[in-house]
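Q: My structure is in data-v4.txt, and what it holds is compact mmCIF, C-alpha atoms:
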# COMPACT_ATOMS: atom_id res chain seq x y z
CA MET J 527 104.75 -0.70 -169.59
CA LYS J 528 107.12 1.63 -167.84
CA ARG J 529 106.00 5.08 -166.77
CA GLU J 530 108.66 6.64 -168.98
CA ARG J 531 107.14 5.01 -172.03
CA LEU J 532 103.64 6.23 -171.20
CA THR J 533 105.07 9.73 -170.82
CA GLU J 534 106.68 9.41 -174.28
CA ILE J 535 103.41 8.23 -175.78
CA ILE J 536 101.40 11.14 -174.40
CA GLU J 537 104.09 13.62 -175.43
CA ALA J 538 104.13 12.33 -179.01
CA TYR J 539 100.59 11.17 -179.68
CA GLY J 540 98.61 13.44 -177.39
CA GLY J 541 95.95 12.65 -174.85
CA ASP J 542 93.53 10.62 -176.96
CA PRO J 543 94.14 6.87 -176.46
CA VAL J 544 92.63 6.20 -179.91
CA ARG J 545 95.73 7.80 -181.45
CA TRP J 546 98.19 5.82 -179.35
CA PRO J 547 100.04 2.84 -180.88
CA ALA J 548 97.53 -0.01 -180.98
CA ASP J 549 99.92 -2.60 -179.60
CA GLU J 550 100.73 -0.44 -176.56
CA ARG J 551 97.30 1.01 -175.95
CA PRO J 552 95.92 -1.58 -173.46
CA ALA J 553 98.97 -1.37 -171.22
CA ALA J 554 99.03 2.41 -171.49
CA GLU J 555 95.36 2.73 -170.59
CA ALA J 556 95.81 0.38 -167.65
CA LEU J 557 98.72 2.44 -166.37
CA ILE J 558 96.95 5.78 -166.73
CA ARG J 559 93.78 4.64 -164.97
CA GLY J 560 93.63 6.06 -161.47
CA ASP J 561 96.98 7.79 -161.76
CA ALA J 562 96.32 11.46 -161.07
CA GLN J 563 99.62 12.61 -162.56
CA PHE J 564 99.05 10.84 -165.87
CA GLU J 565 95.38 11.80 -165.98
CA ARG J 566 96.35 15.45 -165.60
CA MET J 567 99.04 15.09 -168.24
CA ALA J 568 96.59 13.49 -170.66
CA ALA J 569 94.00 16.21 -170.02
CA GLU J 570 96.56 18.91 -170.82
CA ALA J 571 97.59 17.04 -173.94
CA LEU J 572 93.96 16.84 -175.05
CA ARG J 573 93.65 20.63 -174.94
CA LEU J 574 96.62 20.97 -177.27
CA ASP J 575 95.18 18.20 -179.45
CA ALA J 576 91.95 20.17 -179.81
CA LEU J 577 93.80 23.30 -180.94
CA LEU J 578 95.91 21.39 -183.45
CA HIS J 579 93.00 19.43 -184.80
CA GLU J 580 91.11 22.67 -185.37
CA TRP J 581 94.13 24.16 -187.19
CA ALA J 582 94.83 21.10 -189.30
CA SER J 583 91.19 20.54 -190.25
CA ALA J 584 90.57 24.08 -191.53
CA GLU J 585 89.12 23.95 -195.02
CA VAL J 586 91.09 25.52 -197.85
CA PRO J 587 88.73 26.81 -200.53
CA VAL J 588 89.90 25.81 -204.01
CA SER J 589 87.93 26.45 -207.17
CA ALA J 590 87.60 24.00 -210.03
CA ALA J 591 88.94 26.79 -212.25
CA ALA J 592 92.17 26.87 -210.22
CA ALA J 593 92.57 23.12 -210.63
CA ASP J 594 91.92 23.39 -214.36
CA ALA J 595 94.46 26.20 -214.67
CA ALA J 596 97.06 24.12 -212.83
CA ALA J 597 96.44 21.16 -215.14
CA LYS J 598 96.62 23.39 -218.20
CA HIS J 599 99.93 24.81 -217.04
CA VAL J 600 101.41 21.32 -216.59
CA LEU J 601 100.13 20.11 -219.94
CA ALA J 602 101.63 23.12 -221.68
CA ARG J 603 105.09 21.90 -220.72
CA PRO J 604 106.69 19.36 -223.04
CA LYS J 605 107.10 15.84 -221.71
CA PRO J 606 110.78 14.91 -221.57
CA THR J 607 112.07 12.35 -224.00
CA ARG J 608 113.30 9.11 -222.45
CA TRP J 609 116.94 9.68 -223.42
CA LEU J 610 117.22 13.20 -222.04
CA PRO J 611 117.83 12.35 -218.37
CA ALA J 612 120.53 9.86 -219.28
CA ALA J 613 122.09 12.37 -221.65
CA VAL J 614 122.10 15.10 -219.00
CA PHE J 615 123.58 12.77 -216.43
CA GLY J 616 126.19 11.48 -218.86
CA GLY J 617 127.07 15.03 -219.83
CA ALA J 618 127.51 16.06 -216.21
CA VAL J 619 129.78 13.08 -215.52
CA ALA J 620 131.80 13.79 -218.65
CA ALA J 621 132.10 17.45 -217.70
CA SER J 622 133.31 16.58 -214.20
CA LEU J 623 135.94 14.20 -215.62
CA ALA J 624 137.04 16.79 -218.15
CA ILE J 625 137.46 19.42 -215.44
CA ALA J 626 139.38 17.04 -213.23
CA THR J 627 141.73 16.21 -216.10
CA LEU J 628 142.08 19.83 -217.15
CA LEU J 629 142.88 21.20 -213.73
CA GLN J 630 145.15 18.39 -212.55
CA PRO J 631 148.81 19.43 -212.85
CA SER J 632 151.00 17.14 -214.92
CA PRO J 633 153.19 14.88 -212.78
CA GLU J 634 156.26 15.82 -214.93
CA ALA J 635 155.72 19.54 -214.68
CA PRO J 636 157.43 21.09 -211.66
CA VAL J 637 155.02 23.16 -209.66
CA PRO J 638 156.32 25.85 -207.34
CA ALA J 639 155.47 25.30 -203.70
CA PRO J 640 153.17 28.37 -203.42
CA ALA J 641 151.21 27.10 -206.43
CA MET J 642 150.60 23.80 -204.75
CA ALA J 643 149.27 25.68 -201.75
CA VAL J 644 146.67 27.57 -203.80
CA GLY J 645 146.10 24.87 -206.42
CA PRO J 646 143.67 25.95 -209.17
CA GLN J 647 144.65 29.61 -208.93
CA MET J 648 148.13 28.85 -210.22
CA ALA J 649 146.79 26.41 -212.77
CA GLN J 650 144.65 29.23 -214.11
CA GLY J 651 147.78 31.26 -214.73
CA ASP J 652 149.11 28.51 -216.98
CA LEU J 653 145.98 28.28 -219.12
CA PRO J 654 144.28 30.63 -221.55
CA GLU J 655 141.49 32.70 -220.00
CA ASP J 656 138.76 31.25 -222.25
CA VAL J 657 139.75 27.70 -221.28
CA ILE J 658 139.53 28.62 -217.62
CA GLU J 659 136.10 30.18 -218.07
CA THR J 660 134.81 27.19 -219.99
CA ALA J 661 136.21 24.84 -217.39
CA HIS J 662 134.64 26.87 -214.61
CA ASP J 663 131.25 26.82 -216.33
CA MET J 664 131.49 23.09 -216.79
CA LEU J 665 132.51 22.63 -213.18
CA VAL J 666 129.54 24.67 -212.00
CA TRP J 667 127.21 22.67 -214.23
CA GLY J 668 128.70 19.41 -213.07
CA SER J 669 128.51 20.20 -209.38
CA VAL J 670 125.30 22.22 -209.20
CA PHE J 671 123.24 20.60 -211.88
CA THR J 672 124.20 16.98 -211.49
CA PRO J 673 120.70 15.58 -211.10
CA THR J 674 119.60 13.21 -208.41
CA PRO J 675 117.66 10.14 -209.61
CA GLU J 676 114.38 11.98 -208.86
CA GLU J 677 115.51 15.11 -210.68
CA GLU J 678 116.47 12.98 -213.62
CA MET J 679 112.85 12.10 -214.09
CA VAL J 680 111.79 15.74 -213.95
CA LEU J 681 114.40 17.02 -216.35
CA MET M 1282 93.97 4.43 -223.95
CA LEU M 1283 90.76 6.15 -224.88
CA GLN M 1284 88.74 3.24 -223.58
CA ALA M 1285 90.59 3.37 -220.29
CA HIS M 1286 89.88 7.08 -220.03
CA ARG M 1287 86.21 6.73 -220.94
CA GLY M 1288 85.83 4.05 -218.30
CA ALA M 1289 87.64 6.18 -215.79
CA GLU M 1290 85.53 9.20 -216.65
CA LYS M 1291 82.39 7.20 -216.02
CA SER M 1292 83.55 5.88 -212.68
CA GLY M 1293 85.79 8.83 -211.74
CA GLU M 1294 88.05 6.19 -210.28
CA PRO M 1295 91.51 7.73 -209.65
CA THR M 1296 93.35 4.46 -210.26
CA GLU M 1297 91.78 4.11 -213.70
CA LEU M 1298 92.51 7.75 -214.44
CA MET M 1299 96.14 7.12 -213.50
CA VAL M 1300 96.33 4.32 -216.06
CA ALA M 1301 95.10 6.73 -218.70
CA VAL M 1302 97.47 9.48 -217.50
CA ALA M 1303 100.39 7.06 -217.74
CA ASN M 1304 99.40 6.59 -221.37
CA GLY M 1305 99.56 10.34 -221.93
CA ASP M 1306 95.83 11.05 -221.78
CA ALA M 1307 95.56 14.79 -221.11
CA ASP M 1308 91.81 14.67 -220.42
CA ALA M 1309 92.34 12.04 -217.74
CA PHE M 1310 95.05 14.23 -216.23
CA ARG M 1311 92.65 17.18 -216.08
CA LEU M 1312 90.02 15.05 -214.36
CA LEU M 1313 92.52 13.63 -211.92
CA THR M 1314 93.87 17.09 -211.15
CA ARG M 1315 90.36 18.26 -210.30
CA SER M 1316 90.01 15.59 -207.65
CA LEU M 1317 93.53 15.84 -206.23
CA TYR M 1318 94.14 19.59 -206.37
CA GLY M 1319 91.98 20.75 -203.44
CA PRO M 1320 93.27 18.30 -200.83
CA ALA M 1321 96.82 18.85 -202.09
CA ILE M 1322 96.55 22.61 -201.66
CA GLY M 1323 95.10 22.04 -198.21
CA VAL M 1324 98.11 20.06 -197.06
CA ALA M 1325 100.61 22.29 -198.84
CA VAL M 1326 99.23 25.46 -197.28
CA LYS M 1327 99.57 23.90 -193.85
CA VAL M 1328 103.11 22.69 -194.43
CA LEU M 1329 104.35 25.87 -196.12
CA GLY M 1330 102.15 28.43 -194.37
CA ASP M 1331 101.69 30.40 -197.57
CA ARG M 1332 99.08 30.01 -200.28
CA THR M 1333 101.25 31.12 -203.19
CA GLU M 1334 104.11 28.83 -202.26
CA ALA M 1335 101.65 26.02 -201.70
CA GLU M 1336 100.31 26.48 -205.23
CA ASP M 1337 103.85 26.36 -206.61
CA ALA M 1338 104.64 23.19 -204.66
CA VAL M 1339 101.45 21.51 -205.87
CA GLN M 1340 102.30 22.57 -209.41
CA THR M 1341 105.68 20.85 -209.05
CA ALA M 1342 103.94 17.76 -207.73
CA LEU M 1343 101.50 17.77 -210.65
CA VAL M 1344 104.39 17.90 -213.10
CA LYS M 1345 105.83 14.82 -211.41
CA LEU M 1346 102.46 13.10 -211.51
CA TRP M 1347 102.10 13.80 -215.24
CA ARG M 1348 105.62 12.64 -216.02
CA GLN M 1349 105.90 9.74 -213.59
CA ALA M 1350 102.39 8.32 -213.73
CA ALA M 1351 103.76 5.08 -215.14
CA ARG M 1352 105.64 4.55 -211.89
CA PHE M 1353 102.45 4.44 -209.85
CA ASP M 1354 101.75 0.98 -208.46
CA ALA M 1355 98.10 0.54 -207.49
CA SER M 1356 98.94 -2.54 -205.43
CA LYS M 1357 101.11 -0.45 -203.09
CA ALA M 1358 99.11 2.70 -202.48
CA LYS M 1359 96.02 4.68 -203.38
CA VAL M 1360 96.50 7.46 -205.91
CA GLU M 1361 95.62 10.05 -203.30
CA THR M 1362 98.24 8.69 -200.89
CA TRP M 1363 100.89 8.47 -203.60
CA PHE M 1364 100.22 12.02 -204.72
CA ARG M 1365 100.07 13.35 -201.17
CA ARG M 1366 103.53 11.94 -200.59
CA ILE M 1367 104.81 13.79 -203.67
CA VAL M 1368 103.14 17.00 -202.49
CA VAL M 1369 104.53 16.81 -198.95
CA ASN M 1370 108.04 16.19 -200.25
CA ALA M 1371 107.70 18.99 -202.79
CA CYS M 1372 106.74 21.28 -199.90
CA ILE M 1373 109.69 20.21 -197.77
CA ASP M 1374 112.10 20.56 -200.70
CA ARG M 1375 110.68 23.98 -201.39
CA LYS M 1376 111.04 25.01 -197.78
CA ARG M 1377 114.69 23.95 -197.86
CA ALA M 1378 115.37 25.83 -201.08
CA LEU M 1379 113.55 29.02 -200.25
CA ARG M 1380 114.55 31.94 -198.10
CA PRO M 1381 114.47 31.58 -194.32
CA VAL M 1382 111.05 31.63 -192.73
CA ALA M 1383 109.66 35.14 -192.45
CA SER M 1384 109.51 36.61 -189.01
CA LEU M 1385 106.34 36.18 -187.02
CA ASP M 1386 105.50 39.86 -187.40
CA VAL M 1387 105.75 39.62 -191.15
CA VAL M 1388 103.66 36.47 -191.24
CA ALA M 1389 101.04 38.02 -189.02
CA GLU M 1390 100.81 41.18 -191.08
CA ARG M 1391 101.01 39.62 -194.55
CA GLU M 1392 97.88 39.99 -196.64
CA SER M 1393 96.71 36.80 -198.27
CA GLU M 1394 96.07 37.01 -201.99
CA ALA M 1395 93.54 34.24 -201.80
CA PRO M 1396 91.56 32.93 -198.87
CA GLY M 1397 93.31 30.00 -197.25
CA PRO M 1398 92.83 28.34 -193.90
CA PHE M 1399 95.01 30.97 -192.32
CA ALA M 1400 93.25 33.85 -194.00
CA MET M 1401 89.93 32.39 -192.98
CA ALA M 1402 91.25 31.89 -189.51
CA GLU M 1403 91.79 35.59 -189.06
CA HIS M 1404 88.32 35.91 -187.64
CA SER M 1405 89.55 33.92 -184.75
CA GLU M 1406 92.35 35.07 -182.49
CA ARG M 1407 92.79 31.51 -181.32
CA ALA M 1408 93.21 30.12 -184.80
CA ARG M 1409 95.66 32.88 -185.64
CA ALA M 1410 97.72 32.16 -182.54
CA VAL M 1411 97.85 28.46 -183.37
CA ASN M 1412 98.82 29.21 -186.93
CA GLU M 1413 101.63 31.51 -185.83
CA ALA M 1414 102.92 28.91 -183.41
CA VAL M 1415 102.87 26.19 -186.07
CA THR M 1416 104.63 28.51 -188.51
CA CYS M 1417 107.62 28.53 -186.18
CA LEU M 1418 108.11 24.78 -186.44
CA PRO M 1419 110.67 23.23 -188.80
CA SER M 1420 108.99 22.05 -192.00
CA ARG M 1421 109.18 18.33 -191.26
CA GLN M 1422 107.65 18.81 -187.82
CA ARG M 1423 104.93 20.93 -189.37
CA ALA M 1424 104.28 18.31 -192.01
CA ALA M 1425 104.05 15.61 -189.34
CA ILE M 1426 101.59 17.69 -187.29
CA ALA M 1427 99.49 18.55 -190.37
CA LEU M 1428 99.27 14.90 -191.43
CA PHE M 1429 98.71 13.55 -187.91
CA TYR M 1430 95.94 15.97 -187.01
CA GLY M 1431 94.56 16.89 -190.42
CA ASP M 1432 94.55 13.51 -192.11
CA GLY M 1433 94.48 11.34 -189.02
CA ALA M 1434 97.55 9.62 -190.44
CA THR M 1435 99.40 7.09 -188.31
CA THR M 1436 103.12 7.36 -187.58
CA ASN M 1437 103.69 4.53 -190.07
CA GLU M 1438 101.88 6.44 -192.82
CA ILE M 1439 103.67 9.69 -192.03
CA ALA M 1440 107.00 7.86 -191.95
CA GLU M 1441 106.33 6.48 -195.40
CA MET M 1442 105.50 9.94 -196.73
CA LEU M 1443 108.53 11.58 -195.15
CA GLU M 1444 110.76 8.63 -195.98
CA THR M 1445 111.84 7.91 -192.44
CA THR M 1446 110.99 5.56 -189.57
CA PRO M 1447 107.88 5.58 -187.37
CA LYS M 1448 110.17 6.07 -184.37
CA ALA M 1449 111.60 9.19 -185.98
CA ILE M 1450 108.09 10.49 -186.59
CA GLU M 1451 107.27 9.87 -182.94
CA GLY M 1452 110.22 12.08 -182.10
CA LEU M 1453 109.13 14.76 -184.58
CA LEU M 1454 105.64 14.81 -183.11
CA ALA M 1455 106.92 14.93 -179.54
CA ARG M 1456 109.27 17.83 -180.27
CA ALA M 1457 106.60 19.69 -182.20
CA ARG M 1458 104.01 19.22 -179.49
CA ALA M 1459 106.44 20.28 -176.76
CA ASP M 1460 107.27 23.45 -178.69
CA LEU M 1461 103.62 24.18 -179.42
CA ALA M 1462 102.55 23.47 -175.84
CA GLU M 1463 105.00 26.10 -174.67
CA ARG M 1464 103.93 28.67 -177.26
CA LEU M 1465 100.23 28.01 -176.79
CA LYS M 1466 100.25 27.82 -173.01
CA PRO M 1467 98.00 30.87 -172.55
CA LEU M 1468 95.45 29.50 -175.04
CA ALA M 1469 95.45 26.07 -173.45
CA LYS M 1470 94.88 27.70 -170.07
CA GLU M 1471 91.86 29.53 -171.45
CA MET M 1472 90.45 26.19 -172.48
CA GLU M 1473 90.64 24.82 -168.95
CA ILE M 1474 87.26 24.43 -167.33
Mind converting the file's structure to structure tokens?
A:
Amino acid sequence: MKRERLTEIIEAYGGDPVRWPADERPAAEALIRGDAQFERMAAEALRLDALLHEWASAEVPVSAAAADAAAKHVLARPKPTRWLPAAVFGGAVAASLAIATLLQPSPEAPVPAPAMAVGPQMAQGDLPEDVIETAHDMLVWGSVFTPTPEEEMVL
Amino acid sequence: MLQAHRGAEKSGEPTELMVAVANGDADAFRLLTRSLYGPAIGVAVKVLGDRTEAEDAVQTALVKLWRQAARFDASKAKVETWFRRIVVNACIDRKRALRPVASLDVVAERESEAPGPFAMAEHSERARAVNEAVTCLPSRQRAAIALFYGDGATTNEIAEMLETTPKAIEGLLARARADLAERLKPLAKEMEI
């Protein structure tokens, strides 16, 4: 084992050899033995280990009533039906496609150069206000609320 | 379903309770919540540094447990490990979504609504200093430290929970420890014999 690697191990895992990677431990222990610099480094690391162990091991009092209340709260929520995630996802995709179609200028229609520079702002001028608002809402839904696979399961 | 739950209730075996929960057994869910809730809050408080947010994160994790119980595979992990992974990720997601971390002064002065490890630690200047230092870490580093020192988890186990590689966890731990060593230098010096 190189000295650099032992340094990395102590920096990451601390000064207790028990926490070091098992496959590297024998070589690391052999290297540290009798090396004053590494022994000092390990001793310093052990002091930080002690502080962090104390912090991480602190008990958090939790009552059975709190656990029961949490369970009750979850059970009060309706379980999603199996088709809902697919429906939400499908709706979001459809909304995105609809927006893309709605806001895309027709290839036949001549568009003034400034309009091309600002894009949707000029397209808005060509469409009724309520259509623009609906399209905007759908765009927001499609981009913000398109669920990830994990969110699909929660929805 | 009922038989599975009755058996689980007798043994209190989380894996059996999970089978019943997957079948929609609310009583089994209540029993399982009782055994998982305390440890989950413990980890969440350490990762988030706030009892109220920890309770919200655990609530989110419980919703996932209730709705995704059928996805649990007993051959791959223990229930506790599976749920802990959900909790840790709920905490990290929450940390990403929430406001920036409060300043150290605010954290130090904030009154806890319920006694947590940090509230309890107020009797000790040392514990408070460590808590403040850990609060400054990015959430993934804090999660890695909490799991490494609190659970005695290996880098492989932490990597699985945080959905990354053991090498990346080694880096997280090293950066966290370097940061903490700097912040806690005076305390560490006090501990020198």
Q: Measuring atom to atom with all atoms listed in the file, identify which of M:Arg1375, M:Arg1315, M:Arg1348, M:Lys1359 is nearest to M:Glu1297.
A: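 Among the listed residues, the smallest separation from M:Glu1297 belongs to M:Lys1359.
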Q: Once you count all atoms listed in the file, which residues of chain J turn out to be within 8 Å of chain M? Could you give them as a ChimeraX atom specification?
A: /J:534,537-539,545,570,573-575,577-590,593-594,596-598,600-601,605-606,679-680
Q: Store the residues picked out above, limited to C-alpha atoms, as a PDB file, in the coordinates of the input.
A:
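That gives us part27.pdb:
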ATOM      1  CA  GLU J 534     106.680   9.410-174.280  1.00  0.00           C
ATOM      2  CA  GLU J 537     104.090  13.620-175.430  1.00  0.00           C
ATOM      3  CA  ALA J 538     104.130  12.330-179.010  1.00  0.00           C
ATOM      4  CA  TYR J 539     100.590  11.170-179.680  1.00  0.00           C
ATOM      5  CA  ARG J 545      95.730   7.800-181.450  1.00  0.00           C
ATOM      6  CA  GLU J 570      96.560  18.910-170.820  1.00  0.00           C
ATOM      7  CA  ARG J 573      93.650  20.630-174.940  1.00  0.00           C
ATOM      8  CA  LEU J 574      96.620  20.970-177.270  1.00  0.00           C
ATOM      9  CA  ASP J 575      95.180  18.200-179.450  1.00  0.00           C
ATOM     10  CA  LEU J 577      93.800  23.300-180.940  1.00  0.00           C
ATOM     11  CA  LEU J 578      95.910  21.390-183.450  1.00  0.00           C
ATOM     12  CA  HIS J 579      93.000  19.430-184.800  1.00  0.00           C
ATOM     13  CA  GLU J 580      91.110  22.670-185.370  1.00  0.00           C
ATOM     14  CA  TRP J 581      94.130  24.160-187.190  1.00  0.00           C
ATOM     15  CA  ALA J 582      94.830  21.100-189.300  1.00  0.00           C
ATOM     16  CA  SER J 583      91.190  20.540-190.250  1.00  0.00           C
ATOM     17  CA  ALA J 584      90.570  24.080-191.530  1.00  0.00           C
ATOM     18  CA  GLU J 585      89.120  23.950-195.020  1.00  0.00           C
ATOM     19  CA  VAL J 586      91.090  25.520-197.850  1.00  0.00           C
ATOM     20  CA  PRO J 587      88.730  26.810-200.530  1.00  0.00           C
ATOM     21  CA  VAL J 588      89.900  25.810-204.010  1.00  0.00           C
ATOM     22  CA  SER J 589      87.930  26.450-207.170  1.00  0.00           C
ATOM     23  CA  ALA J 590      87.600  24.000-210.030  1.00  0.00           C
ATOM     24  CA  ALA J 593      92.570  23.120-210.630  1.00  0.00           C
ATOM     25  CA  ASP J 594      91.920  23.390-214.360  1.00  0.00           C
ATOM     26  CA  ALA J 596      97.060  24.120-212.830  1.00  0.00           C
ATOM     27  CA  ALA J 597      96.440  21.160-215.140  1.00  0.00           C
ATOM     28  CA  LYS J 598      96.620  23.390-218.200  1.00  0.00           C
ATOM     29  CA  VAL J 600     101.410  21.320-216.590  1.00  0.00           C
ATOM     30  CA  LEU J 601     100.130  20.110-219.940  1.00  0.00           C
ATOM     31  CA  LYS J 605     107.100  15.840-221.710  1.00  0.00           C
ATOM     32  CA  PRO J 606     110.780  14.910-221.570  1.00  0.00           C
ATOM     33  CA  MET J 679     112.850  12.100-214.090  1.00  0.00           C
ATOM     34  CA  VAL J 680     111.790  15.740-213.950  1.00  0.00           C
TER      35      VAL J 680
END
Q: With 8 Å on each side, where is the centre of the axis-aligned box around all listed atoms of stretch 547-561 of chain J, and how long are its edges in Å to one decimal, as lines of an AutoDock Vina configuration file?
A:
center_x = 97.2
center_y = 2.6
center_z = -171.2
size_x = 23.1
size_y = 26.4
size_z = 35.5
Q: Between M:Ala1325, M:Leu1418, M:Asp1460, M:Glu1413, which has the minimum distance to M:Val1369 (counting all atoms listed in the file)?
A: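 Answer, going by the shortest atom-to-atom distance: M:Ala1325.
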Q: As a compact mmCIF listing (two decimals), in the coordinates of the input, please: stretch 1437-1456 of chain M completed to N, CA and C atoms.
A:
# COMPACT_ATOMS: atom_id res chain seq x y z
N ASN M 1437 103.19 5.35 -188.95
CA ASN M 1437 103.69 4.53 -190.07
C ASN M 1437 103.44 5.23 -191.40
N GLU M 1438 102.23 5.77 -191.56
CA GLU M 1438 101.88 6.44 -192.82
C GLU M 1438 102.71 7.71 -193.02
N ILE M 1439 102.88 8.46 -191.93
CA ILE M 1439 103.67 9.69 -192.03
C ILE M 1439 105.13 9.34 -192.35
N ALA M 1440 105.61 8.28 -191.71
CA ALA M 1440 107.00 7.86 -191.95
C ALA M 1440 107.21 7.50 -193.42
N GLU M 1441 106.22 6.86 -193.99
CA GLU M 1441 106.33 6.48 -195.40
C GLU M 1441 106.37 7.74 -196.28
N MET M 1442 105.54 8.71 -195.93
CA MET M 1442 105.50 9.94 -196.73
C MET M 1442 106.79 10.74 -196.60
N LEU M 1443 107.33 10.78 -195.38
CA LEU M 1443 108.53 11.58 -195.15
C LEU M 1443 109.81 10.75 -195.31
N GLU M 1444 109.63 9.52 -195.72
CA GLU M 1444 110.76 8.63 -195.98
C GLU M 1444 111.68 8.51 -194.78
N THR M 1445 111.07 8.14 -193.67
CA THR M 1445 111.84 7.91 -192.44
C THR M 1445 111.17 6.80 -191.64
N THR M 1446 111.55 6.65 -190.38
CA THR M 1446 110.99 5.56 -189.57
C THR M 1446 109.85 6.07 -188.69
N PRO M 1447 108.95 5.17 -188.29
CA PRO M 1447 107.88 5.58 -187.37
C PRO M 1447 108.44 6.15 -186.07
N LYS M 1448 109.55 5.58 -185.62
CA LYS M 1448 110.17 6.07 -184.37
C LYS M 1448 110.62 7.53 -184.53
N ALA M 1449 111.17 7.81 -185.72
CA ALA M 1449 111.60 9.19 -185.98
C ALA M 1449 110.41 10.13 -186.01
N ILE M 1450 109.31 9.66 -186.55
CA ILE M 1450 108.09 10.49 -186.59
C ILE M 1450 107.59 10.73 -185.18
N GLU M 1451 107.67 9.70 -184.34
CA GLU M 1451 107.27 9.87 -182.94
C GLU M 1451 108.08 11.00 -182.31
N GLY M 1452 109.36 11.01 -182.61
CA GLY M 1452 110.22 12.08 -182.10
C GLY M 1452 109.85 13.44 -182.65
N LEU M 1453 109.55 13.49 -183.96
CA LEU M 1453 109.13 14.76 -184.58
C LEU M 1453 107.87 15.29 -183.91
N LEU M 1454 106.91 14.40 -183.72
CA LEU M 1454 105.64 14.81 -183.11
C LEU M 1454 105.85 15.29 -181.68
N ALA M 1455 106.69 14.56 -180.94
CA ALA M 1455 106.92 14.93 -179.54
C ALA M 1455 107.59 16.30 -179.46
N ARG M 1456 108.58 16.53 -180.31
CA ARG M 1456 109.27 17.83 -180.27
C ARG M 1456 108.34 18.97 -180.70
